[in-house]
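Enquirer: My structure file start06.txt, compact mmCIF, C-alpha atoms, is below:
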```
# COMPACT_ATOMS: atom_id res chain seq x y z
CA MET A 198 5.03 -2.59 -5.43
CA GLY A 199 5.08 0.80 -7.12
CA GLN A 200 5.26 4.27 -5.65
CA VAL A 201 2.33 6.68 -5.83
CA ILE A 202 3.02 10.37 -6.47
CA TYR A 203 0.07 12.66 -5.83
CA VAL A 204 0.25 16.07 -7.52
CA GLY A 205 -2.26 18.66 -6.30
CA LYS A 206 -2.44 22.36 -5.63
CA LEU A 207 -3.59 25.01 -3.21
CA GLY A 208 -5.89 27.68 -4.60
CA GLN A 209 -5.48 28.74 -8.21
CA ALA A 210 -1.85 27.74 -8.70
CA LYS A 211 -1.17 27.00 -12.35
CA GLY A 212 1.02 24.29 -13.83
CA GLN A 213 -0.32 21.14 -12.15
CA THR A 214 -1.12 19.20 -15.32
CA LEU A 215 1.97 20.26 -17.24
CA PHE A 216 4.16 19.38 -14.26
CA CYS A 217 2.54 15.93 -14.09
CA ALA A 218 3.23 15.38 -17.78
CA HIS A 219 6.89 16.34 -17.45
CA LEU A 220 7.35 14.38 -14.22
CA ALA A 221 5.83 11.18 -15.63
CA THR A 222 7.93 11.49 -18.77
CA ILE A 223 11.19 11.75 -16.82
CA LEU A 224 10.27 8.81 -14.59
CA SER A 225 9.53 6.78 -17.74
CA GLU A 226 13.16 7.05 -18.84
CA GLN A 227 14.22 4.29 -16.45
CA LYS A 228 11.02 2.87 -14.92
CA LYS A 229 7.48 1.86 -15.85
CA CYS A 230 5.31 4.88 -15.10
CA ALA A 231 1.57 5.46 -15.48
CA LEU A 232 0.07 8.93 -15.71
CA ILE A 233 -3.42 8.85 -14.20
CA ASP A 234 -5.73 11.57 -15.46
CA PHE A 235 -8.56 12.63 -13.15
CA GLN A 236 -9.95 15.02 -15.77
CA PRO A 237 -9.89 12.88 -18.93
CA GLN A 238 -12.59 15.00 -20.53
CA ASN A 239 -9.99 17.73 -21.10
CA HIS A 240 -7.83 15.33 -23.15
CA LEU A 241 -4.66 17.29 -22.27
CA LEU A 242 -2.67 14.39 -20.86
CA GLU A 243 -4.15 11.89 -23.29
CA MET A 244 -3.02 14.02 -26.25
CA PHE A 245 0.40 14.63 -24.69
CA VAL A 246 1.05 10.88 -24.48
CA ALA A 247 -0.45 10.21 -27.94
CA LYS A 248 1.76 12.88 -29.54
CA ARG A 249 4.88 11.33 -28.00
CA HIS A 250 3.95 7.95 -29.47
CA HIS A 251 3.28 9.57 -32.84
CA PHE A 252 6.57 11.47 -32.74
CA ASN A 253 8.51 8.26 -32.07
CA LEU A 254 6.85 6.50 -34.98
CA LYS A 255 7.15 9.38 -37.42
CA GLU A 256 10.71 10.45 -36.58
CA LYS A 257 12.07 7.01 -35.63
CA GLN A 258 13.04 8.31 -32.19
CA ASN A 259 12.77 6.68 -28.79
CA LEU A 260 11.41 9.31 -26.43
CA PRO A 261 10.26 7.83 -23.10
CA VAL A 262 6.47 7.62 -22.96
CA PRO A 263 4.43 7.07 -19.79
CA THR A 264 1.29 4.97 -19.94
CA TYR A 265 -1.87 7.06 -19.99
CA LEU A 266 -4.72 5.90 -17.75
CA ALA A 267 -8.07 7.64 -17.34
CA TYR A 268 -9.31 7.60 -13.76
CA HIS A 269 -11.85 5.11 -12.55
CA LYS A 270 -12.65 3.80 -9.10
CA ASN A 271 -9.89 1.62 -7.62
CA ILE A 272 -7.47 2.41 -10.45
CA VAL A 273 -4.66 3.21 -8.01
CA SER A 274 -4.80 -0.10 -6.13
CA GLU A 275 -5.34 -2.04 -9.36
CA SER A 276 -2.37 -0.44 -11.14
CA LEU A 277 0.27 -0.56 -8.39
CA LYS A 278 1.44 -4.07 -9.22
CA ASP A 279 2.05 -3.19 -12.88
CA TYR A 280 4.06 0.04 -12.56
CA ASP A 281 7.05 1.40 -10.69
CA PHE A 282 5.41 4.84 -10.42
CA LEU A 283 1.87 6.17 -10.59
CA VAL A 284 1.59 9.93 -11.10
CA LEU A 285 -1.83 11.23 -10.06
CA ASP A 286 -2.99 14.54 -11.54
CA SER A 287 -5.80 15.09 -9.07
CA SER A 288 -7.68 17.55 -6.89
CA ASP A 289 -9.21 14.72 -4.83
CA ARG A 290 -7.42 15.01 -1.50
CA SER A 291 -8.89 11.75 -0.26
CA LEU A 292 -6.21 10.08 -2.39
CA ILE A 293 -3.35 11.63 -0.42
CA LYS A 294 -3.47 8.70 1.99
CA ASP A 295 -2.50 6.40 -0.90
CA ALA A 296 0.56 8.46 -1.86
CA ASP A 297 4.21 7.89 -1.05
CA ILE A 298 5.09 11.39 -2.29
CA VAL A 299 2.75 14.38 -2.15
CA LEU A 300 3.57 17.40 -4.31
CA THR A 301 1.58 20.57 -3.69
CA LEU A 302 1.78 23.51 -6.11
CA VAL A 303 1.00 26.93 -4.65
CA SER A 304 1.28 30.54 -5.83
CA ASP A 305 -0.53 32.40 -3.04
CA PRO A 306 1.70 33.10 0.02
CA ALA A 307 -1.31 33.22 2.35
CA LEU A 308 -2.40 29.74 1.28
CA ALA A 309 1.14 28.42 1.61
CA LEU A 310 1.28 29.70 5.17
CA GLU A 311 -1.87 27.71 6.00
CA LEU A 312 0.45 24.71 6.22
CA SER A 313 1.99 26.19 9.35
CA LYS A 314 -1.37 26.24 11.15
CA LYS A 315 -2.32 22.96 12.76
CA GLU A 316 -6.01 23.88 12.68
CA SER A 317 -6.12 24.80 8.96
CA GLU A 318 -8.08 22.69 6.51
CA ILE A 319 -5.05 21.52 4.52
CA SER A 320 -3.09 20.67 7.68
CA ASN A 321 -5.99 18.56 8.92
CA VAL A 322 -6.23 16.76 5.58
CA LEU A 323 -2.53 15.94 5.63
CA TRP A 324 -2.54 14.89 9.28
CA ASN A 325 -5.54 12.59 8.81
CA ALA A 326 -3.94 11.06 5.72
CA LYS A 327 -0.78 10.35 7.71
CA LYS A 328 -2.83 8.71 10.48
CA GLU A 329 -4.64 6.50 7.96
CA ARG A 330 -1.33 5.41 6.46
CA ALA A 331 0.09 4.64 9.88
CA ALA A 332 -3.00 2.64 10.83
CA SER A 333 -2.57 0.50 7.71
CA GLY A 334 1.12 -0.07 8.39
CA LYS A 335 2.45 2.31 5.74
CA SER A 336 5.24 4.81 6.24
CA ALA A 337 4.58 8.56 6.18
CA PHE A 338 4.57 10.22 2.78
CA LYS A 339 7.14 12.79 1.72
CA HIS A 340 5.41 16.15 1.27
CA VAL A 341 7.00 18.77 -0.99
CA LEU A 342 5.60 22.27 -1.44
CA ILE A 343 6.38 23.65 -4.92
CA PRO A 344 5.90 27.43 -5.30
CA THR A 345 4.78 28.54 -8.76
CA ALA A 346 5.62 32.16 -7.94
CA SER A 347 8.46 33.71 -5.97
CA PHE A 348 7.68 34.54 -2.34
CA ASP A 349 9.21 37.44 -0.45
CA MET A 350 11.99 36.74 2.03
CA GLN A 351 9.73 36.98 5.09
CA THR A 352 7.25 34.43 3.70
CA THR A 353 10.06 32.09 2.66
CA GLU A 354 11.62 32.22 6.13
CA LYS A 355 8.25 31.45 7.73
CA LEU A 356 7.71 28.52 5.38
CA LEU A 357 11.15 27.10 6.08
CA LYS A 358 10.48 27.24 9.84
CA SER A 359 7.04 25.72 9.34
CA ALA A 360 8.51 22.96 7.18
CA GLN A 361 10.66 21.72 10.05
CA LYS A 362 7.71 21.70 12.44
CA MET A 363 5.00 20.39 10.11
CA GLY A 364 7.03 17.86 8.16
CA TYR A 365 7.13 19.16 4.61
CA MET A 366 9.87 20.54 2.36
CA LEU A 367 10.00 23.74 0.34
CA ALA A 368 11.20 23.14 -3.22
CA PRO A 369 12.67 25.65 -5.70
CA VAL A 370 10.14 27.76 -7.61
CA LEU A 371 8.49 26.17 -10.67
CA GLU A 372 9.04 29.07 -13.02
CA ASN A 373 6.45 30.41 -15.45
CA ASN A 374 8.31 29.42 -18.60
CA PRO A 375 6.53 29.08 -21.99
CA SER A 376 8.62 26.00 -22.80
CA TYR A 377 6.63 24.01 -20.23
CA THR A 378 3.29 24.94 -21.78
CA LYS A 379 4.53 24.40 -25.32
CA GLY A 380 5.90 21.03 -24.27
CA LEU A 381 2.52 19.91 -22.97
CA LYS A 382 0.85 21.03 -26.21
CA ASP A 383 3.45 19.46 -28.52
CA GLY A 384 4.14 16.30 -26.54
CA VAL A 385 7.77 17.28 -26.01
CA CYS A 386 9.29 17.49 -22.53
CA VAL A 387 11.93 20.18 -22.04
CA LEU A 388 14.38 17.50 -20.97
CA ASP A 389 13.96 15.83 -24.37
CA LYS A 390 15.82 18.78 -25.82
CA ASN A 391 19.19 17.30 -24.90
CA LEU A 392 18.84 14.89 -27.83
CA PRO A 393 20.66 15.65 -31.10
CA TYR A 394 17.32 15.67 -32.95
CA PHE A 395 16.29 18.88 -31.17
CA LYS A 396 19.56 20.80 -31.43
CA ASN A 397 18.21 23.15 -34.12
CA VAL A 398 15.16 24.16 -32.07
CA PHE A 399 16.79 24.37 -28.65
CA ASP A 400 16.62 27.98 -27.46
CA GLU A 401 17.18 30.10 -24.36
CA THR A 402 13.75 29.45 -22.84
CA ASP A 403 14.32 25.70 -23.21
CA PHE A 404 17.68 26.03 -21.47
CA PHE A 405 16.24 27.79 -18.42
CA ALA A 406 13.16 25.54 -18.25
CA ARG A 407 15.34 22.44 -18.37
CA ARG A 408 17.62 23.78 -15.64
CA ASN A 409 14.63 24.71 -13.49
CA LEU A 410 12.95 21.33 -13.89
CA LYS A 411 16.16 19.48 -13.06
CA GLN A 412 16.51 21.50 -9.85
CA ILE A 413 12.99 20.61 -8.73
CA LEU A 414 13.28 16.92 -9.61
CA GLU A 415 16.63 16.62 -7.83
CA PHE A 416 15.08 18.26 -4.77
CA ILE A 417 12.04 15.94 -4.76
CA PHE A 418 14.01 12.74 -5.13
CA ALA A 419 16.97 13.64 -2.97
CA ASP A 420 17.36 11.34 0.01
CA LYS A 421 16.41 13.79 2.74
```
Rewrite the structure from the file as structure tokens, please.
Expert:
Amino acid sequence: MGQVIYVGKLGQAKGQTLFCAHLATILSEQKKCALIDFQPQNHLLEMFVAKRHHFNLKEKQNLPVPTYLAYHKNIVSESLKDYDFLVLDSSDRSLIKDADIVLTLVSDPALALELSKKESEISNVLWNAKKERAASGKSAFKHVLIPTASFDMQTTEKLLKSAQKMGYMLAPVLENNPSYTKGLKDGVCVLDKNLPYFKNVFDETDFFARRNLKQILEFIFADK
């Protein structure tokens, strides 16, 4: 049975779709991974996957490519048996109950601090999802908060205290690096750049984006 990774956001945080694309690509290196698109009309993820396939054919390379799936009702339950990972790029919080890992992107400190309030909307959503999982015999999901902007020290300290009480973890900042956006557009993940093929186009922004992404992925999948 595969693992479900739900990627959502609070407020207007940017980077959700590009993070999903990069995450699914990395998971596809060793496992069967499907990237489920809840906004297929935008064609962003569909084109990302298609360009990776095209690149492999044209350049005779072997970049890992996740399977692209456009959302339809019951797609999560139907796909679990066929994949090791399902990455959901979604704003539908009713799907959180189906997730083993919940990743929440946030840039607004005030919205992030809503997680520390038991009566807040997002806290209620998460709590109810945990209860539904428990009622169906499933273990609690791992919840990771991913800032997409740096918070001041006071906010960070409050979030770290809240994390212990409310059961989530605070990841390193997902930096605003143009290599992420270019990667989504071109079908090239920043972690692809360690291949000899890319040595002539590897630059400073790629270096820092790759280091940043590795930090976040190691944090998410660490055994904590």
Enquirer: Taking into account all atoms listed in the file, which residue in the set A:Ile417, A:Val322, A:Leu381, A:Leu410 is nearest to Met366 (chain A)?
Expert: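 The answer is A:Ile417, which sits nearest to Met366 (chain A).
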Enquirer: Rounded to one decimal in Å, what is the spacing between CA of Leu207 (chain A) and CA of Gln412 (chain A)?
Expert: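 Straight-line distance from CA of Leu207 (chain A) to CA of Gln412 (chain A) works out to 21.5 Å.
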Enquirer: For CA of Asn321 (chain A) and CA of Asp297 (chain A), quote the distance in Å rounded to one decimal.
Expert: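 CA of Asp297 (chain A) lies 17.8 Å from CA of Asn321 (chain A).
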Enquirer: Could you work out how far CA of Leu260 (chain A) lies from CA of Leu285 (chain A), giving the answer in Å with one decimal?
Expert: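 These two atoms are separated by 21.1 Å.
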Enquirer: Please identify all polymer residues within 9 Å of Pro344 (chain A), counting all atoms listed in the file, omitting same-chain residues fewer than 5 positions from it, and present them as a list in words.
Expert: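 Counting all atoms listed in the file, the residues come to Ala210, Thr301, Leu302, Val303, Ser304, Asp305, Pro306, Ala309, Leu367, Ala368, Pro369, Val370, Leu371 and Glu372 of chain A.
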Enquirer: Of the candidates A:Leu356, A:Val201, A:Val398, A:Cys217, which one gets nearest to Asp295 (chain A) if we count all atoms listed in the file?
Expert: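 Smallest separation from Asp295 (chain A) among the options: A:Val201.
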Enquirer: Under the rule that all atoms listed in the file are counted, which of A:Leu388, A:Phe404, A:Phe282, A:Gly208 is the nearest residue to Ala307 (chain A)?
Expert: A:Gly208
Enquirer: Go through A:Ser274, A:Thr222, A:Gln209, A:Gln200 and flag the residue nearest Cys386 (chain A), using all atoms listed in the file for the distances.
Expert: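 Answer, going by the shortest atom-to-atom distance: A:Thr222.
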Enquirer: Which residues come within 12 Å of Glu329 (chain A), counting only C-alpha atoms, excluding same-chain residues fewer than 3 positions away, as a compact mmCIF listing (two decimals) with C-alpha atoms, in the coordinates of the input?
Expert:
```txt
# COMPACT_ATOMS: atom_id res chain seq x y z
CA SER A 291 -8.89 11.75 -0.26
CA LEU A 292 -6.21 10.08 -2.39
CA ILE A 293 -3.35 11.63 -0.42
CA LYS A 294 -3.47 8.70 1.99
CA ASP A 295 -2.50 6.40 -0.90
CA ALA A 296 0.56 8.46 -1.86
CA VAL A 322 -6.23 16.76 5.58
CA LEU A 323 -2.53 15.94 5.63
CA TRP A 324 -2.54 14.89 9.28
CA ASN A 325 -5.54 12.59 8.81
CA ALA A 326 -3.94 11.06 5.72
CA ALA A 332 -3.00 2.64 10.83
CA SER A 333 -2.57 0.50 7.71
CA GLY A 334 1.12 -0.07 8.39
CA LYS A 335 2.45 2.31 5.74
CA SER A 336 5.24 4.81 6.24
CA ALA A 337 4.58 8.56 6.18
CA PHE A 338 4.57 10.22 2.78
```
Enquirer: Within 12 Å of (13.1, 13.8, -34.9) (file coordinates; only C-alpha atoms), which protein or nucleic acid residues are there? I'd like them as JSON, numbers by chain.
Expert: {"A": [249, 251, 252, 253, 254, 255, 256, 257, 258, 259, 260, 385, 389, 390, 392, 393, 394, 395, 396, 397, 398]}
Enquirer: Which one is closest to Gly199 (chain A): A:Ala419, A:Leu414, A:Leu241, A:Val273? Count all atoms listed in the file.
Expert: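 Closest to Gly199 (chain A), using all atoms listed in the file: A:Val273.
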Enquirer: Which residue gives the smallest distance to Pro375 (chain A) among A:Gln351, A:Asn391, A:Thr402, A:Gln361, with only C-alpha atoms counted?
Expert: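 Answer, going by the shortest atom-to-atom distance: A:Thr402.
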Enquirer: Which neighbours of Leu300 (chain A) fall inside 9 Å, counting all atoms listed in the file, when residues of the same chain fewer than 3 positions from it are skipped, and could you give them as a PyMOL selection string?
Expert: chain A and resi 202-206+339-343+417
Enquirer: Using C-alpha atoms, can you export the residues from the last selection as a PDB file, in the coordinates of the input?
Expert:
```pdb
ATOM      1  CA  ILE A 202       3.020  10.370  -6.470  1.00  0.00           C
ATOM      2  CA  TYR A 203       0.070  12.660  -5.830  1.00  0.00           C
ATOM      3  CA  VAL A 204       0.250  16.070  -7.520  1.00  0.00           C
ATOM      4  CA  GLY A 205      -2.260  18.660  -6.300  1.00  0.00           C
ATOM      5  CA  LYS A 206      -2.440  22.360  -5.630  1.00  0.00           C
ATOM      6  CA  LYS A 339       7.140  12.790   1.720  1.00  0.00           C
ATOM      7  CA  HIS A 340       5.410  16.150   1.270  1.00  0.00           C
ATOM      8  CA  VAL A 341       7.000  18.770  -0.990  1.00  0.00           C
ATOM      9  CA  LEU A 342       5.600  22.270  -1.440  1.00  0.00           C
ATOM     10  CA  ILE A 343       6.380  23.650  -4.920  1.00  0.00           C
ATOM     11  CA  ILE A 417      12.040  15.940  -4.760  1.00  0.00           C
TER      12      ILE A 417
END
```
Enquirer: Write out as a PDB file with C-alpha atoms, in the frame of the given file each polymer residue whose atoms come within 7 Å of Ala231 (chain A), counting all atoms listed in the file; drop sequence neighbours fewer than 5 positions from it.
Expert:
```pdb
ATOM      1  CA  PRO A 263       4.430   7.070 -19.790  1.00  0.00           C
ATOM      2  CA  THR A 264       1.290   4.970 -19.940  1.00  0.00           C
ATOM      3  CA  TYR A 265      -1.870   7.060 -19.990  1.00  0.00           C
ATOM      4  CA  LEU A 266      -4.720   5.900 -17.750  1.00  0.00           C
ATOM      5  CA  TYR A 280       4.060   0.040 -12.560  1.00  0.00           C
ATOM      6  CA  PHE A 282       5.410   4.840 -10.420  1.00  0.00           C
ATOM      7  CA  LEU A 283       1.870   6.170 -10.590  1.00  0.00           C
ATOM      8  CA  VAL A 284       1.590   9.930 -11.100  1.00  0.00           C
TER       9      VAL A 284
END
```
Enquirer: Since the input is missing atoms, can you rebuild N, CA, C and O atoms for region 210-235 of chain A and write them as a PDB file, in the frame of the given file?
Expert:
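Final output, result_14.pdb:
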```pdb
ATOM      1  N   ALA A 210      -3.195  27.933  -8.149  1.00  0.00           N
ATOM      2  CA  ALA A 210      -1.850  27.740  -8.700  1.00  0.00           C
ATOM      3  C   ALA A 210      -1.922  27.041 -10.048  1.00  0.00           C
ATOM      4  O   ALA A 210      -2.636  26.053 -10.217  1.00  0.00           O
ATOM      5  N   LYS A 211      -1.173  27.567 -11.009  1.00  0.00           N
ATOM      6  CA  LYS A 211      -1.170  27.000 -12.350  1.00  0.00           C
ATOM      7  C   LYS A 211       0.013  26.048 -12.517  1.00  0.00           C
ATOM      8  O   LYS A 211       0.992  26.118 -11.797  1.00  0.00           O
ATOM      9  N   GLY A 212      -0.105  25.141 -13.476  1.00  0.00           N
ATOM     10  CA  GLY A 212       1.020  24.290 -13.830  1.00  0.00           C
ATOM     11  C   GLY A 212       0.911  22.852 -13.362  1.00  0.00           C
ATOM     12  O   GLY A 212       1.816  22.053 -13.599  1.00  0.00           O
ATOM     13  N   GLN A 213      -0.202  22.492 -12.705  1.00  0.00           N
ATOM     14  CA  GLN A 213      -0.320  21.140 -12.150  1.00  0.00           C
ATOM     15  C   GLN A 213      -0.251  20.072 -13.235  1.00  0.00           C
ATOM     16  O   GLN A 213       0.539  19.122 -13.138  1.00  0.00           O
ATOM     17  N   THR A 214      -1.060  20.216 -14.272  1.00  0.00           N
ATOM     18  CA  THR A 214      -1.120  19.200 -15.320  1.00  0.00           C
ATOM     19  C   THR A 214       0.171  19.137 -16.129  1.00  0.00           C
ATOM     20  O   THR A 214       0.685  18.054 -16.421  1.00  0.00           O
ATOM     21  N   LEU A 215       0.738  20.290 -16.463  1.00  0.00           N
ATOM     22  CA  LEU A 215       1.970  20.260 -17.240  1.00  0.00           C
ATOM     23  C   LEU A 215       3.130  19.698 -16.418  1.00  0.00           C
ATOM     24  O   LEU A 215       4.007  19.019 -16.950  1.00  0.00           O
ATOM     25  N   PHE A 216       3.120  19.958 -15.108  1.00  0.00           N
ATOM     26  CA  PHE A 216       4.160  19.380 -14.260  1.00  0.00           C
ATOM     27  C   PHE A 216       4.016  17.864 -14.197  1.00  0.00           C
ATOM     28  O   PHE A 216       5.012  17.129 -14.253  1.00  0.00           O
ATOM     29  N   CYS A 217       2.777  17.378 -14.084  1.00  0.00           N
ATOM     30  CA  CYS A 217       2.540  15.930 -14.090  1.00  0.00           C
ATOM     31  C   CYS A 217       3.067  15.290 -15.365  1.00  0.00           C
ATOM     32  O   CYS A 217       3.686  14.224 -15.331  1.00  0.00           O
ATOM     33  N   ALA A 218       2.795  15.932 -16.495  1.00  0.00           N
ATOM     34  CA  ALA A 218       3.230  15.380 -17.780  1.00  0.00           C
ATOM     35  C   ALA A 218       4.755  15.287 -17.844  1.00  0.00           C
ATOM     36  O   ALA A 218       5.311  14.260 -18.251  1.00  0.00           O
ATOM     37  N   HIS A 219       5.432  16.344 -17.428  1.00  0.00           N
ATOM     38  CA  HIS A 219       6.890  16.340 -17.450  1.00  0.00           C
ATOM     39  C   HIS A 219       7.457  15.331 -16.445  1.00  0.00           C
ATOM     40  O   HIS A 219       8.409  14.605 -16.743  1.00  0.00           O
ATOM     41  N   LEU A 220       6.868  15.291 -15.260  1.00  0.00           N
ATOM     42  CA  LEU A 220       7.350  14.380 -14.220  1.00  0.00           C
ATOM     43  C   LEU A 220       7.218  12.920 -14.667  1.00  0.00           C
ATOM     44  O   LEU A 220       8.166  12.132 -14.556  1.00  0.00           O
ATOM     45  N   ALA A 221       6.054  12.553 -15.188  1.00  0.00           N
ATOM     46  CA  ALA A 221       5.830  11.180 -15.630  1.00  0.00           C
ATOM     47  C   ALA A 221       6.759  10.800 -16.772  1.00  0.00           C
ATOM     48  O   ALA A 221       7.238   9.663 -16.855  1.00  0.00           O
ATOM     49  N   THR A 222       7.038  11.758 -17.642  1.00  0.00           N
ATOM     50  CA  THR A 222       7.930  11.490 -18.770  1.00  0.00           C
ATOM     51  C   THR A 222       9.341  11.179 -18.281  1.00  0.00           C
ATOM     52  O   THR A 222       9.978  10.220 -18.747  1.00  0.00           O
ATOM     53  N   ILE A 223       9.839  11.976 -17.340  1.00  0.00           N
ATOM     54  CA  ILE A 223      11.190  11.750 -16.820  1.00  0.00           C
ATOM     55  C   ILE A 223      11.269  10.408 -16.103  1.00  0.00           C
ATOM     56  O   ILE A 223      12.237   9.652 -16.267  1.00  0.00           O
ATOM     57  N   LEU A 224      10.263  10.080 -15.306  1.00  0.00           N
ATOM     58  CA  LEU A 224      10.270   8.810 -14.590  1.00  0.00           C
ATOM     59  C   LEU A 224      10.234   7.624 -15.567  1.00  0.00           C
ATOM     60  O   LEU A 224      10.759   6.547 -15.264  1.00  0.00           O
ATOM     61  N   SER A 225       9.641   7.839 -16.745  1.00  0.00           N
ATOM     62  CA  SER A 225       9.530   6.780 -17.740  1.00  0.00           C
ATOM     63  C   SER A 225      10.852   6.474 -18.436  1.00  0.00           C
ATOM     64  O   SER A 225      10.953   5.476 -19.163  1.00  0.00           O
ATOM     65  N   GLU A 226      11.859   7.305 -18.219  1.00  0.00           N
ATOM     66  CA  GLU A 226      13.160   7.050 -18.840  1.00  0.00           C
ATOM     67  C   GLU A 226      13.764   5.739 -18.334  1.00  0.00           C
ATOM     68  O   GLU A 226      14.404   5.013 -19.090  1.00  0.00           O
ATOM     69  N   GLN A 227      13.587   5.454 -17.044  1.00  0.00           N
ATOM     70  CA  GLN A 227      14.220   4.290 -16.450  1.00  0.00           C
ATOM     71  C   GLN A 227      13.223   3.277 -15.865  1.00  0.00           C
ATOM     72  O   GLN A 227      13.583   2.124 -15.637  1.00  0.00           O
ATOM     73  N   LYS A 228      11.988   3.717 -15.609  1.00  0.00           N
ATOM     74  CA  LYS A 228      11.020   2.870 -14.920  1.00  0.00           C
ATOM     75  C   LYS A 228       9.685   2.852 -15.663  1.00  0.00           C
ATOM     76  O   LYS A 228       9.424   3.697 -16.528  1.00  0.00           O
ATOM     77  N   LYS A 229       8.836   1.896 -15.295  1.00  0.00           N
ATOM     78  CA  LYS A 229       7.480   1.860 -15.850  1.00  0.00           C
ATOM     79  C   LYS A 229       6.624   2.858 -15.058  1.00  0.00           C
ATOM     80  O   LYS A 229       6.486   2.736 -13.841  1.00  0.00           O
ATOM     81  N   CYS A 230       6.071   3.820 -15.765  1.00  0.00           N
ATOM     82  CA  CYS A 230       5.310   4.880 -15.100  1.00  0.00           C
ATOM     83  C   CYS A 230       3.962   5.061 -15.776  1.00  0.00           C
ATOM     84  O   CYS A 230       3.874   5.117 -17.007  1.00  0.00           O
ATOM     85  N   ALA A 231       2.919   5.173 -14.969  1.00  0.00           N
ATOM     86  CA  ALA A 231       1.570   5.460 -15.480  1.00  0.00           C
ATOM     87  C   ALA A 231       1.169   6.865 -15.043  1.00  0.00           C
ATOM     88  O   ALA A 231       1.410   7.278 -13.909  1.00  0.00           O
ATOM     89  N   LEU A 232       0.568   7.583 -15.943  1.00  0.00           N
ATOM     90  CA  LEU A 232       0.070   8.930 -15.710  1.00  0.00           C
ATOM     91  C   LEU A 232      -1.443   8.848 -15.621  1.00  0.00           C
ATOM     92  O   LEU A 232      -2.120   8.586 -16.615  1.00  0.00           O
ATOM     93  N   ILE A 233      -1.977   9.034 -14.423  1.00  0.00           N
ATOM     94  CA  ILE A 233      -3.420   8.850 -14.200  1.00  0.00           C
ATOM     95  C   ILE A 233      -4.117  10.200 -14.247  1.00  0.00           C
ATOM     96  O   ILE A 233      -3.810  11.110 -13.478  1.00  0.00           O
ATOM     97  N   ASP A 234      -5.051  10.311 -15.152  1.00  0.00           N
ATOM     98  CA  ASP A 234      -5.730  11.570 -15.460  1.00  0.00           C
ATOM     99  C   ASP A 234      -7.104  11.585 -14.779  1.00  0.00           C
ATOM    100  O   ASP A 234      -7.974  10.777 -15.106  1.00  0.00           O
ATOM    101  N   PHE A 235      -7.287  12.523 -13.852  1.00  0.00           N
ATOM    102  CA  PHE A 235      -8.560  12.630 -13.150  1.00  0.00           C
ATOM    103  C   PHE A 235      -9.526  13.588 -13.838  1.00  0.00           C
ATOM    104  O   PHE A 235     -10.643  13.782 -13.384  1.00  0.00           O
TER     105      PHE A 235
END
```
